[in-house]
Structures are given as C-alpha cells and as structure tokens.
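Here is the file entry-v2.cif (mmCIF, C-alpha atoms).
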```
data_data
loop_
_atom_site.label_atom_id
_atom_site.label_comp_id
_atom_site.auth_asym_id
_atom_site.auth_seq_id
_atom_site.Cartn_x
_atom_site.Cartn_y
_atom_site.Cartn_z
CA MET A 188 -14.85 -18.80 -10.72
CA THR A 189 -16.49 -22.23 -10.98
CA PRO A 190 -17.96 -23.92 -7.84
CA ARG A 191 -15.22 -26.57 -8.04
CA ASN A 192 -12.48 -23.91 -8.12
CA ALA A 193 -14.18 -22.02 -5.23
CA LEU A 194 -14.33 -25.21 -3.11
CA PHE A 195 -10.64 -25.91 -3.66
CA VAL A 196 -9.65 -22.30 -2.98
CA GLY A 197 -11.68 -22.50 0.30
CA ILE A 198 -9.86 -25.67 1.41
CA ILE A 199 -6.48 -24.15 0.50
CA VAL A 200 -7.23 -20.92 2.42
CA VAL A 201 -8.59 -22.43 5.66
CA ALA A 202 -6.19 -25.38 5.97
CA GLY A 203 -3.25 -23.23 4.84
CA GLN A 204 -3.91 -20.42 7.32
CA LEU A 205 -4.50 -22.73 10.28
CA GLY A 206 -1.26 -24.48 9.30
CA ASP A 207 0.62 -21.17 9.17
CA ILE A 208 -0.78 -20.11 12.54
CA CYS A 209 0.42 -23.40 14.09
CA LEU A 210 3.83 -22.85 12.45
CA SER A 211 4.04 -19.32 13.83
CA LEU A 212 3.20 -20.62 17.30
CA ALA A 213 5.94 -23.25 17.00
CA MET A 214 8.58 -20.72 15.86
CA LYS A 215 7.74 -18.32 18.69
CA THR A 216 8.15 -21.27 21.07
CA VAL A 217 11.67 -21.92 19.69
CA GLY A 218 12.65 -18.23 19.93
CA GLU A 219 14.28 -15.58 17.74
CA VAL A 220 17.15 -16.55 15.42
CA LYS A 221 20.04 -14.10 15.95
CA ARG A 222 22.74 -15.74 13.80
CA PHE A 223 22.38 -17.10 10.28
CA THR A 224 25.36 -19.42 9.93
CA PRO A 225 24.45 -22.85 8.47
CA LEU A 226 25.07 -24.44 11.88
CA ALA A 227 22.85 -21.94 13.69
CA VAL A 228 20.07 -22.47 11.13
CA LEU A 229 20.39 -26.27 11.46
CA ARG A 230 20.25 -25.97 15.26
CA PHE A 231 17.16 -23.81 14.94
CA LEU A 232 15.49 -26.38 12.66
CA GLY A 233 16.55 -29.15 15.07
CA SER A 234 14.79 -27.37 17.93
CA ALA A 235 11.76 -26.61 15.79
CA ILE A 236 11.09 -30.26 14.88
CA ARG A 237 10.60 -31.06 18.57
CA VAL A 238 7.63 -28.72 18.86
CA LYS A 239 4.27 -30.46 18.32
CA TRP A 240 2.65 -27.35 16.76
CA LEU A 241 5.11 -27.60 13.89
CA TRP A 242 3.82 -31.07 12.95
CA ILE A 243 0.18 -30.09 13.31
CA GLY A 244 0.94 -27.09 11.09
CA ILE A 245 2.74 -29.23 8.50
CA GLY A 246 -0.21 -31.66 8.42
CA LEU A 247 -2.64 -28.82 7.71
CA MET A 248 -0.27 -27.34 5.12
CA ALA A 249 -0.03 -30.73 3.40
CA VAL A 250 -3.83 -30.74 3.00
CA ALA A 251 -3.61 -27.24 1.47
CA PHE A 252 -0.64 -28.28 -0.72
CA PHE A 253 -2.28 -31.35 -2.29
CA SER A 254 -5.47 -29.37 -2.92
CA PHE A 255 -3.28 -26.70 -4.54
CA LEU A 256 -1.54 -29.28 -6.77
CA ALA A 257 -4.89 -30.68 -7.89
CA LEU A 258 -6.29 -27.20 -8.62
CA LEU A 259 -3.19 -26.26 -10.63
CA SER A 260 -3.76 -29.25 -12.90
CA TRP A 261 -6.82 -27.60 -14.44
CA ALA A 262 -6.61 -23.85 -13.61
CA ASN A 263 -4.06 -21.17 -14.59
CA VAL A 264 -1.37 -20.21 -12.05
CA SER A 265 -2.09 -16.50 -12.56
CA LEU A 266 -5.70 -17.13 -11.36
CA VAL A 267 -5.06 -19.83 -8.72
CA VAL A 268 -2.26 -18.15 -6.80
CA PRO A 269 -3.84 -14.67 -6.50
CA ALA A 270 -7.23 -16.22 -5.59
CA THR A 271 -5.68 -17.91 -2.55
CA ALA A 272 -4.65 -14.42 -1.34
CA ALA A 273 -8.04 -14.38 0.47
CA SER A 274 -5.88 -16.07 3.10
CA TYR A 275 -4.68 -12.67 4.32
CA ALA A 276 -7.99 -11.66 5.91
CA VAL A 277 -8.40 -15.12 7.48
CA GLY A 278 -4.75 -15.03 8.61
CA ALA A 279 -5.03 -11.58 10.22
CA LEU A 280 -8.14 -12.68 12.14
CA GLY A 281 -6.38 -15.84 13.23
CA ALA A 282 -3.29 -13.87 14.31
CA GLN A 283 -5.42 -11.54 16.43
CA PHE A 284 -7.73 -14.11 18.04
CA LEU A 285 -5.62 -17.28 18.12
CA LEU A 286 -2.09 -15.89 18.48
CA GLY A 287 -3.04 -12.74 20.43
CA GLU A 288 -1.04 -10.44 18.11
CA HIS A 289 -1.75 -6.72 18.20
CA VAL A 290 -3.08 -6.03 14.70
CA ASN A 291 -3.23 -2.20 14.57
CA ARG A 292 -5.42 -0.03 12.34
CA ARG A 293 -2.73 0.51 9.66
CA ARG A 294 -2.11 -3.21 9.38
CA TRP A 295 -5.86 -3.90 9.04
CA ILE A 296 -6.11 -1.21 6.31
CA GLY A 297 -3.26 -2.94 4.45
CA VAL A 298 -4.99 -6.31 4.78
CA ILE A 299 -8.30 -4.83 3.51
CA ILE A 300 -6.54 -3.28 0.48
CA VAL A 301 -4.99 -6.69 -0.23
CA CYS A 302 -8.48 -8.25 -0.03
CA VAL A 303 -9.93 -5.67 -2.48
CA GLY A 304 -7.06 -6.56 -4.79
CA VAL A 305 -7.99 -10.23 -4.40
CA ALA A 306 -11.66 -9.52 -5.19
CA LEU A 307 -10.59 -7.78 -8.43
CA VAL A 308 -8.25 -10.60 -9.32
CA CYS A 309 -11.11 -13.12 -8.96
CA VAL A 310 -13.64 -11.19 -11.14
CA MET B 64 17.25 1.70 17.72
CA SER B 65 20.02 -0.33 16.01
CA GLU B 66 18.39 -3.52 17.31
CA SER B 67 15.08 -2.41 15.80
CA LYS B 68 16.73 -1.44 12.46
CA SER B 69 18.63 -4.68 12.28
CA ARG B 70 15.45 -6.66 12.96
CA ARG B 71 13.61 -4.76 10.21
CA GLY B 72 16.55 -5.32 7.84
CA LYS B 73 16.72 -9.07 8.39
CA THR B 74 12.91 -9.25 8.06
CA PHE B 75 13.08 -7.61 4.60
CA ILE B 76 15.92 -9.89 3.46
CA LEU B 77 14.04 -13.04 4.50
CA LEU B 78 10.84 -11.73 2.91
CA ALA B 79 12.81 -11.30 -0.36
CA PHE B 80 13.96 -14.94 -0.09
CA MET B 81 10.38 -16.06 0.58
CA VAL B 82 9.05 -14.19 -2.47
CA THR B 83 11.83 -15.46 -4.77
CA PHE B 84 11.68 -19.12 -3.71
CA GLY B 85 7.89 -19.19 -3.29
CA SER B 86 7.10 -17.59 -6.67
CA SER B 87 9.55 -19.66 -8.70
CA GLY B 88 8.44 -22.82 -6.83
CA ASP B 89 4.78 -22.14 -7.69
CA VAL B 90 5.60 -21.58 -11.35
CA MET B 91 7.65 -24.81 -11.51
CA LEU B 92 4.81 -26.77 -9.87
CA SER B 93 2.30 -25.28 -12.29
CA GLN B 94 4.45 -26.29 -15.26
CA GLY B 95 4.89 -29.81 -13.87
CA MET B 96 1.16 -30.31 -13.14
CA LYS B 97 0.13 -29.02 -16.58
CA LYS B 98 2.45 -31.59 -18.18
CA LEU B 99 0.87 -34.31 -16.01
CA GLY B 100 -2.69 -33.41 -17.08
CA GLU B 101 -5.93 -33.07 -15.11
CA LEU B 102 -6.81 -35.40 -12.21
CA GLN B 103 -9.70 -37.46 -13.67
CA SER B 104 -11.03 -39.24 -10.57
CA TRP B 105 -10.80 -38.80 -6.79
CA ALA B 106 -11.12 -42.57 -6.17
CA PRO B 107 -8.29 -43.38 -3.70
CA GLY B 108 -6.47 -45.71 -6.11
CA SER B 109 -6.38 -43.31 -9.04
CA ALA B 110 -5.61 -40.26 -6.83
CA ILE B 111 -2.61 -42.06 -5.27
CA ALA B 112 -1.40 -43.19 -8.71
CA TYR B 113 -1.80 -39.64 -10.00
CA PHE B 114 0.26 -38.08 -7.17
CA ALA B 115 2.84 -40.89 -7.48
CA ARG B 116 3.26 -39.93 -11.14
CA ALA B 117 3.60 -36.29 -10.07
CA PHE B 118 6.58 -37.24 -7.88
CA GLU B 119 8.36 -38.75 -10.90
CA SER B 120 8.59 -35.33 -12.55
CA GLY B 121 11.88 -33.40 -12.29
CA THR B 122 10.03 -30.09 -12.70
CA ILE B 123 7.77 -30.91 -9.74
CA TRP B 124 10.80 -31.87 -7.61
CA LEU B 125 12.48 -28.58 -8.53
CA GLY B 126 9.29 -26.78 -7.50
CA ILE B 127 9.16 -28.73 -4.22
CA SER B 128 12.85 -27.95 -3.50
CA LEU B 129 12.25 -24.23 -4.06
CA LEU B 130 9.20 -24.39 -1.81
CA MET B 131 11.30 -26.12 0.89
CA LEU B 132 13.72 -23.16 0.78
CA PHE B 133 10.69 -20.90 1.01
CA LEU B 134 9.52 -22.82 4.10
CA VAL B 135 12.90 -22.50 5.87
CA SER B 136 12.98 -18.72 5.19
CA TYR B 137 9.40 -18.50 6.44
CA MET B 138 10.20 -20.44 9.64
CA LEU B 139 13.22 -18.22 10.33
CA VAL B 140 11.33 -14.95 9.91
CA LEU B 141 8.41 -16.18 12.05
CA SER B 142 10.82 -16.75 14.94
CA TRP B 143 10.69 -12.99 15.65
CA ALA B 144 8.15 -11.31 13.35
CA ASP B 145 4.34 -11.24 13.69
CA PHE B 146 2.40 -13.64 11.50
CA SER B 147 -0.01 -10.75 10.76
CA TYR B 148 2.99 -8.80 9.35
CA VAL B 149 4.83 -11.56 7.46
CA SER B 150 1.74 -13.02 5.82
CA PRO B 151 0.44 -9.85 4.05
CA ALA B 152 3.97 -8.49 3.43
CA SER B 153 4.82 -11.63 1.48
CA ALA B 154 1.81 -10.95 -0.81
CA ILE B 155 4.17 -9.02 -3.07
CA GLY B 156 4.89 -12.51 -4.43
CA TYR B 157 1.48 -12.54 -6.14
CA GLY B 158 2.64 -9.73 -8.42
CA VAL B 159 5.80 -11.68 -9.17
CA VAL B 160 3.78 -14.85 -9.95
CA ALA B 161 1.44 -12.92 -12.28
CA LEU B 162 4.50 -11.52 -14.10
CA MET B 163 6.10 -14.96 -14.33
CA GLY B 164 2.81 -16.55 -15.50
CA TYR B 165 2.59 -13.87 -18.19
CA PHE B 166 6.22 -13.81 -19.34
CA LEU B 167 7.41 -17.39 -18.74
CA LEU B 168 4.27 -19.51 -19.21
CA GLY B 169 2.59 -17.22 -21.78
CA GLU B 170 -0.67 -17.10 -19.77
CA HIS B 171 -3.21 -14.38 -20.56
CA VAL B 172 -3.55 -11.91 -17.63
CA PRO B 173 -6.53 -9.53 -18.07
CA THR B 174 -6.40 -5.83 -17.07
CA THR B 175 -8.66 -6.23 -13.99
CA ARG B 176 -6.29 -8.87 -12.65
CA TRP B 177 -3.35 -6.54 -13.15
CA ILE B 178 -5.24 -3.82 -11.22
CA GLY B 179 -5.90 -6.37 -8.44
CA VAL B 180 -2.22 -7.27 -8.33
CA GLY B 181 -1.40 -3.53 -8.11
CA LEU B 182 -3.78 -3.13 -5.13
CA ILE B 183 -2.24 -6.17 -3.43
CA CYS B 184 1.15 -4.49 -3.78
CA LEU B 185 -0.26 -1.23 -2.32
CA GLY B 186 -1.68 -3.18 0.64
CA VAL B 187 1.71 -4.79 1.17
CA PHE B 188 3.30 -1.31 1.19
CA VAL B 189 0.85 -0.16 3.89
CA VAL B 190 1.46 -3.26 6.03
CA GLY B 191 5.21 -2.86 5.48
CA GLY B 192 5.00 0.50 7.26
CA THR B 193 4.01 -1.17 10.54
CA HIS B 194 6.56 -2.68 12.89
CA PRO B 195 7.37 -6.34 12.09
CA SER B 196 7.11 -7.38 15.74
CA THR B 197 4.43 -5.80 17.92
CA ASN B 198 5.99 -7.34 21.01
CA GLU B 199 9.14 -5.28 20.41
CA SER B 200 7.36 -2.02 19.50
CA GLN B 201 5.26 -1.97 22.68
#
```
Re-express the file's structure as structure tokens.
Amino acid sequence: MTPRNALFVGIIVVAGQLGDICLSLAMKTVGEVKRFTPLAVLRFLGSAIRVKWLWIGIGLMAVAFFSFLALLSWANVSLVVPATAASYAVGALGAQFLLGEHVNRRRWIGVIIVCVGVALVCV
Amino acid sequence: MSESKSRRGKTFILLAFMVTFGSSGDVMLSQGMKKLGELQSWAPGSAIAYFARAFESGTIWLGISLLMLFLVSYMLVLSWADFSYVSPASAIGYGVVALMGYFLLGEHVPTTRWIGVGLICLGVFVVGGTHPSTNESQ
C-alpha cells in the first residue's frame, strides 16, 4: 500500500468510525423502532434529525465519504473497501470506551479475526 | 424469548439490506469515479470543480441513492442493536464487494485477498453468535 493510500485509508477509518459512533448515540437517544411501516420509519427519521449527535456524525461521515471518493478515483474497489475494514477494531474500542457497550470476549475474538483478514487483504 | 428472537430476526433482515445497498452503492461509486478520472490537484478550485463534475454523473447518483438506503437501514438497526455488533456483522459486505469487483468490474483479486475476505466472513460469523443488544441480554 502506498503512503498516499495509507493516509487516505487512515482518514476514512478515524472520521468514519467517530461518525458512526455519533450516529449510534443519536439512534439510541431516539429509541428502538418497533414498527416498519413507511409512516413509522418517516416518524423515526423525523425524530432523529432533531438530535445534534446525528449532525455531528454526518459531518464526520462526509469527511470520510469525500476521502473515499478521492481514493476510489485511483485505487481498485476490491483493495480500497476491504482496507477500510480496519475500522472494526477502532469501532469496537470506541463502542466500549465512548458508548459504554459491553464488548464480550467472543465479540472481541470476532473483531480480531476480522482484523487478521484485513491484514491479509492489505498485503 | 419471542421478543429476543424477533429482535434477532429484524437485526438480520436489516443487516441484509445494509450489505445489499452498501455493496452495490460502493461498486456504482467506483464505476462512476473511474469514468471521471483521477483527482489531479487538491487546490480548492480544482477540487470543487472535480466533485461538481462527479455530481453530474448518473452512475454516481445511483451509488449515492443506494448508499442513502444503506444509511436508513443502518440508522434503524442502530436504534436497538449495539454498534459493536452491527459494525463487524456488516463486514460480510466486504466479501460481496470483492465478488462484485471480480465479476462485474473485472478487477484482479489475488489469492491472499480472497483468504482475507474468508477470514473476515469467519469473524462476522463469530460476532453473529453474540447477542445483538447487550442491554437486553443482561
């Protein structure tokens, strides 16, 4: 992986995961969706857009998205997309320390296997 | 128990939506950006002009629409499921993207990358065995 590709993957991973964590916080604030009728989904989205964490998350995801678009213009999708899977380790850490989720041993083992897969993908 | 089963069932359905919309959206974006060519300069003027040209492409808009559907599915599932469950469980999409890159875009995918994709899928299987919402299971 070239230094330029590594830099862009780093930006995509960190900004993307912080964005996702903010989004998760916003959705937990809104509460569990029990019905999936179009009206219920629209109501849910209407409530979600009033939560500030959603907008902070979207801002961070936009940074990750534009970096992703730029990276795709010169690198193959079958390299770029798997390489950004390093997000899973960062995301699990963020979930445990920022969201206070209980990440048990089995879940960590799964995340580590995913990371080994990512390391192989990036060779 | 039925509440728990129903929650697991709706989690799997929304994860399937996420993988389908996310993977096809990524492939559409990749196709659109390749047609557009490489970004030559990060000077603000040329970067803005470059992204403005990107938004004139139908393929890129199709990719963005698919990714919007992905985002809605993602928001819905995060309303009850742990982020540390949803995030790795959705990694199954990487296998789908590698397959689509190989079969639809004709990209070369080396053996080591296929092995990596296989391990990612195994990791997803292990994570999938945990409960989607730790708040409920405790």
Given the PyMOL selection byres ((chain B) within 8 of (chain A)), the residues it picks as a VMD selection string = chain B and resid 89 to 90 92 to 93 96 to 97 99 to 102 138 to 139 141 to 143 145 to 148 150 to 151 154 157 160 to 161 164 to 165 170 172 175 to 190 193 197
Starting from the shown file, work through the PyMOL selection byres ((chain B and resi 84) around 10) and note down what comes out as a ChimeraX atom specification.
-> /B:78-83,85-89,126-134,136,156
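One finds atom CA of B:Met91 at 16.3 Å from atom CA of A:Ser254.
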Enclose stretch 303-308 of chain A, meaning all of its atoms listed in the file, in a box aligned along x, y and z, pad it by 5 Å on each side, and list the centre and edge lengths in Å to one decimal, as AutoDock Vina command-line options.
```
--center_x -9.4 --center_y -8.1 --center_z -5.9 --size_x 14.6 --size_y 14.9 --size_z 16.8
```
What is the distance, in Å and to one decimal place, between atom CA of B:Val135 and atom CA of B:Leu77?
->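 Between atom CA of B:Val135 and atom CA of B:Leu77 the gap is 9.6 Å.
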How many Å separate atom CA of B:Arg71 from atom CA of B:Pro195?
-> 6.7 Å
Can you sort out stretch 122-150 of chain B so it carries N, CA and C atoms, written as a short mmCIF file (atom, residue, chain, number, x, y, z; two decimals), in the coordinates of the input?
```cif
data_model
loop_
_atom_site.label_atom_id
_atom_site.label_comp_id
_atom_site.auth_asym_id
_atom_site.auth_seq_id
_atom_site.Cartn_x
_atom_site.Cartn_y
_atom_site.Cartn_z
N THR B 122 10.52 -31.46 -12.86
CA THR B 122 10.03 -30.09 -12.70
C THR B 122 9.31 -29.95 -11.36
N ILE B 123 8.51 -30.97 -11.01
CA ILE B 123 7.77 -30.91 -9.74
C ILE B 123 8.75 -30.98 -8.56
N TRP B 124 9.80 -31.80 -8.69
CA TRP B 124 10.80 -31.87 -7.61
C TRP B 124 11.55 -30.55 -7.47
N LEU B 125 11.83 -29.90 -8.61
CA LEU B 125 12.48 -28.58 -8.53
C LEU B 125 11.56 -27.59 -7.82
N GLY B 126 10.27 -27.64 -8.17
CA GLY B 126 9.29 -26.78 -7.50
C GLY B 126 9.24 -27.06 -6.01
N ILE B 127 9.21 -28.36 -5.64
CA ILE B 127 9.16 -28.73 -4.22
C ILE B 127 10.42 -28.25 -3.49
N SER B 128 11.60 -28.39 -4.13
CA SER B 128 12.85 -27.95 -3.50
C SER B 128 12.82 -26.44 -3.24
N LEU B 129 12.34 -25.69 -4.23
CA LEU B 129 12.25 -24.23 -4.06
C LEU B 129 11.27 -23.89 -2.94
N LEU B 130 10.18 -24.66 -2.86
CA LEU B 130 9.20 -24.39 -1.81
C LEU B 130 9.73 -24.80 -0.42
N MET B 131 10.65 -25.77 -0.39
CA MET B 131 11.30 -26.12 0.89
C MET B 131 12.17 -24.95 1.38
N LEU B 132 12.90 -24.33 0.42
CA LEU B 132 13.72 -23.16 0.78
C LEU B 132 12.82 -22.01 1.24
N PHE B 133 11.67 -21.90 0.59
CA PHE B 133 10.69 -20.90 1.01
C PHE B 133 10.27 -21.18 2.46
N LEU B 134 9.99 -22.45 2.76
CA LEU B 134 9.52 -22.82 4.10
C LEU B 134 10.56 -22.50 5.18
N VAL B 135 11.85 -22.78 4.88
CA VAL B 135 12.90 -22.50 5.87
C VAL B 135 12.99 -20.98 6.12
N SER B 136 12.95 -20.18 5.04
CA SER B 136 12.98 -18.72 5.19
C SER B 136 11.79 -18.25 6.02
N TYR B 137 10.64 -18.85 5.75
CA TYR B 137 9.40 -18.50 6.44
C TYR B 137 9.50 -18.83 7.94
N MET B 138 10.04 -20.03 8.24
CA MET B 138 10.20 -20.44 9.64
C MET B 138 11.14 -19.49 10.37
N LEU B 139 12.24 -19.12 9.69
CA LEU B 139 13.22 -18.22 10.33
C LEU B 139 12.59 -16.86 10.65
N VAL B 140 11.88 -16.29 9.69
CA VAL B 140 11.33 -14.95 9.91
C VAL B 140 10.23 -14.98 10.97
N LEU B 141 9.48 -16.09 11.04
CA LEU B 141 8.41 -16.18 12.05
C LEU B 141 8.95 -16.34 13.46
N SER B 142 10.27 -16.58 13.58
CA SER B 142 10.82 -16.75 14.94
C SER B 142 10.84 -15.41 15.69
N TRP B 143 10.75 -14.28 14.95
CA TRP B 143 10.69 -12.99 15.65
C TRP B 143 9.54 -12.10 15.17
N ALA B 144 9.13 -12.25 13.90
CA ALA B 144 8.15 -11.31 13.35
C ALA B 144 6.72 -11.82 13.51
N ASP B 145 5.76 -10.88 13.57
CA ASP B 145 4.34 -11.24 13.69
C ASP B 145 3.87 -11.96 12.44
N PHE B 146 3.01 -12.95 12.64
CA PHE B 146 2.40 -13.64 11.50
C PHE B 146 1.55 -12.64 10.70
N SER B 147 0.87 -11.72 11.43
CA SER B 147 -0.01 -10.75 10.76
C SER B 147 0.79 -9.70 9.99
N TYR B 148 2.12 -9.67 10.15
CA TYR B 148 2.99 -8.80 9.35
C TYR B 148 3.56 -9.59 8.17
N VAL B 149 4.13 -10.75 8.48
CA VAL B 149 4.83 -11.56 7.46
C VAL B 149 3.85 -12.01 6.37
N SER B 150 2.68 -12.47 6.79
CA SER B 150 1.74 -13.02 5.82
C SER B 150 1.33 -11.99 4.75
#
```
